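Text of the file protein-v3.txt, holding compact mmCIF, C-alpha atoms and all ligand atoms:
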# COMPACT_ATOMS: atom_id res chain seq x y z
CA MET S 1 0.00 0.00 0.00
CA VAL S 2 1.31 3.48 -0.85
CA LYS S 3 1.85 5.54 2.28
CA ASP S 4 -0.16 8.74 2.73
CA TRP S 5 2.66 11.25 3.12
CA VAL S 6 0.29 14.18 3.52
CA ARG S 7 -1.21 12.44 6.55
CA TRP S 8 2.31 11.60 7.80
CA HIS S 9 3.09 15.31 7.97
CA GLU S 10 0.18 15.90 10.40
CA ASP S 11 2.30 14.50 13.26
CA TYR S 12 4.44 17.60 12.96
CA GLU S 13 1.53 19.57 14.41
CA ALA S 14 1.54 17.68 17.72
CA PRO S 15 3.81 19.56 20.14
CA GLY S 16 6.25 17.15 21.74
CA SER S 17 5.73 14.47 19.09
CA SER S 18 8.84 12.63 18.01
CA LEU S 19 8.51 14.25 14.61
CA SER S 20 8.30 17.79 15.96
CA ARG S 21 11.28 17.11 18.20
CA ARG S 22 13.18 15.76 15.22
CA LEU S 23 12.26 18.86 13.24
CA ALA S 24 13.76 21.07 15.95
CA VAL S 25 17.01 19.09 15.81
CA VAL S 26 17.18 19.19 12.00
CA ARG S 27 16.54 22.95 11.99
CA GLU S 28 19.21 23.52 14.63
CA GLN S 29 21.74 21.52 12.63
CA LEU S 30 20.74 23.30 9.44
CA GLY S 31 21.24 26.60 11.24
CA GLY S 32 24.83 25.55 11.93
CA ALA S 33 25.32 24.64 8.28
CA LEU S 34 23.84 27.95 7.08
CA ALA S 35 26.18 29.84 9.39
CA GLU S 36 29.03 28.64 7.15
CA GLY S 37 27.59 30.69 4.27
CA PRO S 38 26.68 27.98 1.76
CA LYS S 39 25.59 29.03 -1.71
CA SER S 40 23.42 26.04 -2.57
CA LEU S 41 21.22 23.41 -0.94
CA LEU S 42 19.40 20.29 -2.07
CA SER S 43 16.72 18.50 -0.08
CA ILE S 44 15.77 15.06 -1.38
CA CYS S 45 12.29 13.77 -0.54
CA ALA S 46 11.70 17.24 0.84
CA GLY S 47 8.10 16.83 1.96
CA ASP S 48 6.48 20.24 2.51
CA GLY S 49 9.88 21.84 3.16
CA ARG S 50 9.18 22.89 6.72
CA ASP S 51 12.68 21.98 7.85
CA VAL S 52 14.41 24.10 5.21
CA LEU S 53 12.19 27.02 4.20
CA PRO S 54 11.74 28.88 7.51
CA MET S 55 15.46 28.56 8.13
CA LEU S 56 16.34 30.07 4.75
CA ALA S 57 13.99 32.94 5.57
CA SER S 58 15.29 33.59 9.07
CA GLU S 59 18.99 32.76 9.15
CA PRO S 60 21.64 35.28 8.10
CA GLY S 61 22.55 34.61 4.48
CA GLY S 62 19.74 32.10 4.07
CA ARG S 63 17.95 34.19 1.48
CA SER S 64 20.95 34.09 -0.83
CA VAL S 65 21.10 30.28 -0.85
CA ARG S 66 19.92 28.70 -4.10
CA ALA S 67 17.82 25.75 -2.96
CA LEU S 68 16.24 22.83 -4.77
CA LEU S 69 13.60 20.75 -3.02
CA ALA S 70 12.75 17.47 -4.78
CA GLU S 71 9.45 15.91 -3.71
CA LEU S 72 7.34 13.31 -5.51
CA ASP S 73 3.97 14.03 -3.91
CA ALA S 74 2.28 16.81 -5.88
CA GLU S 75 0.28 18.18 -2.94
CA LEU S 76 3.31 18.39 -0.65
CA ALA S 77 5.36 19.96 -3.44
CA ASP S 78 2.59 22.53 -3.95
CA ARG S 79 2.61 23.29 -0.24
CA ALA S 80 6.37 23.76 -0.28
CA ARG S 81 6.08 26.05 -3.31
CA ALA S 82 3.39 28.10 -1.55
CA ALA S 83 5.50 28.29 1.62
CA ALA S 84 8.53 29.47 -0.36
CA ALA S 85 6.42 32.13 -2.08
CA GLY S 86 4.88 33.19 1.22
CA LEU S 87 8.34 33.59 2.72
CA ASP S 88 9.51 35.48 -0.37
CA LEU S 89 12.27 33.01 -1.25
CA PRO S 90 12.70 33.41 -5.03
CA LEU S 91 15.90 31.34 -5.09
CA VAL S 92 13.99 28.24 -3.99
CA GLU S 93 12.86 25.78 -6.65
CA VAL S 94 10.47 23.03 -5.64
CA ARG S 95 10.56 20.25 -8.18
CA THR S 96 7.81 17.65 -8.23
CA ALA S 97 10.18 14.87 -9.09
CA ASP S 98 11.43 11.40 -8.27
CA ALA S 99 14.49 11.95 -6.10
CA GLY S 100 15.39 8.27 -6.43
CA ALA S 101 15.94 8.56 -10.18
CA THR S 102 19.43 9.65 -11.20
CA ALA S 103 17.92 11.46 -14.22
CA THR S 104 16.39 13.97 -11.81
CA TYR S 105 19.89 15.27 -11.06
CA ALA S 106 21.04 15.61 -14.68
CA ASP S 107 20.95 19.42 -14.50
CA VAL S 108 21.71 19.78 -10.80
CA GLU S 109 25.05 21.30 -9.82
CA PRO S 110 26.74 19.88 -6.70
CA VAL S 111 25.54 21.66 -3.57
CA ASP S 112 27.04 22.89 -0.32
CA VAL S 113 24.28 21.51 1.92
CA LEU S 114 22.22 18.38 1.29
CA LEU S 115 19.34 17.08 3.38
CA ALA S 116 18.21 13.45 3.28
CA CYS S 117 15.60 13.50 6.03
CA GLY S 118 12.95 10.81 6.24
CA VAL S 119 14.57 8.82 3.45
CA PHE S 120 16.74 6.01 4.79
CA GLY S 121 14.02 4.51 6.99
CA ASN S 122 11.82 3.99 3.94
CA VAL S 123 14.25 2.24 1.64
CA ALA S 124 16.17 -1.04 1.65
CA GLU S 125 19.66 -1.03 3.15
CA ALA S 126 21.17 -1.55 -0.32
CA ASP S 127 19.37 1.58 -1.51
CA MET S 128 20.65 3.53 1.49
CA SER S 129 24.19 2.39 0.67
CA ARG S 130 23.83 3.28 -3.01
CA THR S 131 22.43 6.70 -2.12
CA VAL S 132 25.15 7.55 0.38
CA ALA S 133 27.75 6.42 -2.19
CA ALA S 134 26.19 8.83 -4.71
CA LEU S 135 26.24 11.85 -2.40
CA PRO S 136 29.83 12.89 -3.27
CA ALA S 137 28.54 13.40 -6.82
CA LEU S 138 25.76 15.67 -5.57
CA THR S 139 27.86 17.72 -3.16
CA ASN S 140 30.91 19.96 -3.22
CA PRO S 141 34.01 19.11 -1.20
CA GLY S 142 33.40 20.32 2.35
CA ALA S 143 29.61 20.11 1.93
CA ILE S 144 27.41 19.26 4.89
CA VAL S 145 24.86 16.43 4.73
CA ILE S 146 22.05 16.20 7.28
CA TRP S 147 20.25 12.86 7.44
CA THR S 148 17.75 11.11 9.68
CA ARG S 149 16.95 7.53 10.55
CA GLY S 150 14.61 6.00 13.10
CA ARG S 151 15.37 3.04 15.32
CA GLY S 152 13.15 0.09 16.10
CA ASP S 153 11.34 -0.35 19.40
CA GLU S 154 13.86 -2.78 20.78
CA GLY S 155 17.37 -3.75 19.93
CA ALA S 156 18.11 -2.87 16.36
CA ASP S 157 19.34 0.61 15.53
CA PRO S 158 19.83 0.86 11.76
CA SER S 159 21.47 4.27 12.13
CA VAL S 160 24.63 2.27 12.94
CA GLU S 161 24.77 1.11 9.31
CA VAL S 162 24.03 4.59 7.97
CA ARG S 163 26.85 6.12 10.02
CA ALA S 164 29.23 3.39 8.90
CA ARG S 165 28.26 3.97 5.28
CA PHE S 166 28.98 7.70 5.51
CA ARG S 167 32.38 6.95 7.07
CA ALA S 168 33.14 4.46 4.31
CA GLU S 169 32.30 7.06 1.66
CA GLY S 170 34.75 9.57 3.09
CA PHE S 171 32.42 11.71 5.20
CA THR S 172 33.41 13.00 8.62
CA GLU S 173 30.69 12.99 11.24
CA LEU S 174 30.12 16.43 12.74
CA ALA S 175 27.17 15.55 14.95
CA PHE S 176 24.93 12.63 15.81
CA VAL S 177 21.83 13.36 17.88
CA ALA S 178 20.12 10.32 19.39
CA PRO S 179 17.96 11.18 22.42
CA ASP S 180 17.46 8.22 24.78
CA ASP S 181 13.73 8.88 24.95
CA ALA S 182 13.10 9.20 21.22
CA ARG S 183 13.41 6.90 18.25
CA PHE S 184 14.79 9.42 15.80
CA ARG S 185 18.44 9.93 15.03
CA VAL S 186 19.87 12.91 13.19
CA GLY S 187 23.32 12.70 11.65
CA VAL S 188 25.42 15.53 10.28
CA CYS S 189 28.43 14.76 8.10
CA ARG S 190 30.95 16.73 6.12
CA ARG S 191 32.22 15.56 2.77
CA SER S 192 35.98 15.45 2.95
CA GLY S 193 37.99 17.21 0.25
CA GLY S 194 38.10 15.61 -3.12
CA ASP S 195 37.71 16.01 -6.83
CA PRO S 196 34.37 16.26 -8.59
CA VAL S 197 32.64 12.88 -8.75
CA ARG S 198 30.15 11.62 -11.32
CA LEU S 199 26.81 10.11 -10.39
CA PRO S 200 26.87 6.34 -10.75
CA ALA S 201 25.59 5.13 -14.12
CA VAL S 202 22.48 3.50 -12.68
CA PRO S 203 18.88 4.56 -13.28
CA ARG S 204 17.91 4.56 -9.61
CA LEU S 205 19.47 5.32 -6.25
CA PHE S 206 16.47 4.25 -4.17
CA SER S 207 12.80 3.37 -4.19
CA PHE S 208 10.49 3.76 -1.22
CA GLY S 209 9.30 0.34 -0.04
C1 LIG T 301 9.25 10.57 5.67
S1 LIG T 301 8.75 11.85 4.58
C2 LIG T 301 10.01 13.06 4.87
C3 LIG T 301 9.65 14.43 4.38
C4 LIG T 301 10.66 15.52 4.78
N1 LIG T 301 11.98 15.25 4.29
C5 LIG T 301 10.68 15.66 6.28
O1 LIG T 301 11.61 15.14 6.91
O2 LIG T 301 9.74 16.26 6.82
C6 LIG T 301 9.22 11.15 3.04
C7 LIG T 301 8.88 12.03 1.85
O3 LIG T 301 9.45 11.46 0.67
C8 LIG T 301 8.56 11.62 -0.40
N2 LIG T 301 8.96 10.63 -1.42
C9 LIG T 301 8.74 9.30 -1.45
N3 LIG T 301 9.35 8.74 -2.51
C10 LIG T 301 9.95 9.75 -3.17
C11 LIG T 301 10.74 9.83 -4.36
N4 LIG T 301 11.04 8.73 -5.07
N5 LIG T 301 11.19 11.04 -4.75
C12 LIG T 301 10.89 12.16 -4.06
N6 LIG T 301 10.15 12.15 -2.92
C13 LIG T 301 9.69 10.97 -2.50
C14 LIG T 301 7.20 11.41 0.22
O4 LIG T 301 6.18 11.94 -0.57
C15 LIG T 301 7.39 12.14 1.55
O5 LIG T 301 7.05 13.50 1.43

Can the structure from this file be put into structure tokens for me?
Amino acid sequence: MVKDWVRWHEDYEAPGSSLSRRLAVVREQLGGALAEGPKSLLSICAGDGRDVLPMLASEPGGRSVRALLAELDAELADRARAAAAGLDLPLVEVRTADAGATATYADVEPVDVLLACGVFGNVAEADMSRTVAALPALTNPGAIVIWTRGRGDEGADPSVEVRARFRAEGFTELAFVAPDDARFRVGVCRRSGGDPVRLPAVPRLFSFG
């Protein structure tokens, strides 16, 4: 069954919900990234853009960041577009597009900040690995990547594999937020120096399960 992602976003409205707490962490980490003065940002599976857009509007230099939000759901993409317009952010493009398809990035220049929030928990581990391996092609050397992953109720914490994958692909972890009383994890990594990298010659990086 296809998940109702519009409905999923409603949990953001509940104060103290895990999702609203996660949002606060993502925004705080994004604030740190914006303080470095990035010129460009990409959010994959961006939802309605509530993590990125208010920060671009409020943080110093945020309004001069060229941002691309890629979101498959037309209603959520419309909401993000309306939010960007309402915040007067003309450098934001919201693309109703499949962020799992490499073709979507054909005209996308590498960015200084990339968000992959709410992605890795919805795809197979092999897709997570393939996506993390592709991030050096989508980012500039020194770029910051902010990602999220949830843990299960008991035992397993798949964020361990995500962190290991980032390390293996040459990223340095800047922060990892994992509150004891919440299931979400937020990771922040920096791409180490390096030459430009090409996207892998595969049609897809990931598909939501
Ligand atoms: C868990 S939500 C996360 C939304 C947002 N990043 C956030 O953290 O609030 C996952 C989002 O991915 C979108 N999505 C699912 N498959 C996608 C794809 N192939 N390309 C782009 N977006 C996709 C869904 O519509 C949904 O908005």

Any chance you could tabulate, as a tab-separated table, the residues of chain S at most 8 Å from ligand LIG 301 (chain T) with each one's nearest atom pair and distance in Å to one decimal, using all atoms listed in the file, in chain and rising number order?
residue	atom	partner	partner_atom	distance
S:Asp4	CA	T:LIG301	O4	7.8
S:Trp5	CA	T:LIG301	C15	5.1
S:Val6	CA	T:LIG301	O5	7.1
S:Trp8	CA	T:LIG301	S1	7.2
S:His9	CA	T:LIG301	O2	6.8
S:Leu23	CA	T:LIG301	O2	7.4
S:Ser43	CA	T:LIG301	N1	7.2
S:Ile44	CA	T:LIG301	C12	6.3
S:Cys45	CA	T:LIG301	N6	3.6
S:Ala46	CA	T:LIG301	N1	4.0
S:Gly47	CA	T:LIG301	O5	3.5
S:Asp48	CA	T:LIG301	C4	6.7
S:Gly49	CA	T:LIG301	C4	6.6
S:Arg50	CA	T:LIG301	O2	6.7
S:Asp51	CA	T:LIG301	O2	6.5
S:Ala70	CA	T:LIG301	C12	5.7
S:Glu71	CA	T:LIG301	N6	3.9
S:Leu72	CA	T:LIG301	N6	4.0
S:Asp73	CA	T:LIG301	O4	4.5
S:Leu76	CA	T:LIG301	O5	6.5
S:Thr96	CA	T:LIG301	C12	7.6
S:Ala97	CA	T:LIG301	C12	5.8
S:Asp98	CA	T:LIG301	N5	3.5
S:Ala99	CA	T:LIG301	N5	3.7
S:Gly100	CA	T:LIG301	N4	4.6
S:Ala101	CA	T:LIG301	N4	7.1
S:Leu115	CA	T:LIG301	N1	7.6
S:Ala116	CA	T:LIG301	N1	6.6
S:Cys117	CA	T:LIG301	N1	4.4
S:Gly118	CA	T:LIG301	C1	3.8
S:Val119	CA	T:LIG301	C6	5.8
S:Gly121	CA	T:LIG301	C1	7.8
S:Asn122	CA	T:LIG301	C1	7.3
S:Thr148	CA	T:LIG301	O1	7.8
S:Phe206	CA	T:LIG301	N4	7.1
S:Ser207	CA	T:LIG301	N4	5.7
S:Phe208	CA	T:LIG301	N3	5.3

Find the axis-aligned box for region 173-177 of chain S, covering all its listed atoms and adding 4 Å on each side, and write its centre and edge lengths in Å to one decimal as AutoDock Vina command-line options.
--center_x 26.3 --center_y 14.5 --center_z 14.6 --size_x 16.9 --size_y 11.8 --size_z 14.6

Between CA of Val197 (chain S) and CA of Val113 (chain S), distance in Å (one decimal)
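Between these atoms lies a distance of 16.1 Å.
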
Separation of CA of Leu174 (chain S) from CA of Ala124 (chain S), in Å and rounded to one decimal:
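The value is 25.0 Å.
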
Do you have the CA of Pro15 (chain S)-CA of Arg81 (chain S) distance handy?
24.4 Å

Can you pull out the residues contacting Gly187 (chain S)? Cut-off 12 Å, using only C-alpha atoms, and skip same-chain residues under 5 positions away; I want them as an MDAnalysis selection string.
chainID S and resid 22 25:26 28:30 114:118 120 144:150 159:167 171:178

Which residue of S:Ala126, S:Ala35, S:Leu138, S:Val186 approaches Gly61 (chain S) most closely, using all atoms listed in the file
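Looking at the shortest contact to Gly61 (chain S), the residue is S:Ala35.
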
Point out the residue among S:Asn140, S:Ser17, S:Ser192, S:Ser58 with the least atom-to-atom distance to Gly31 (chain S), counting all atoms listed in the file.
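Answer, going by the shortest atom-to-atom distance: S:Ser58.
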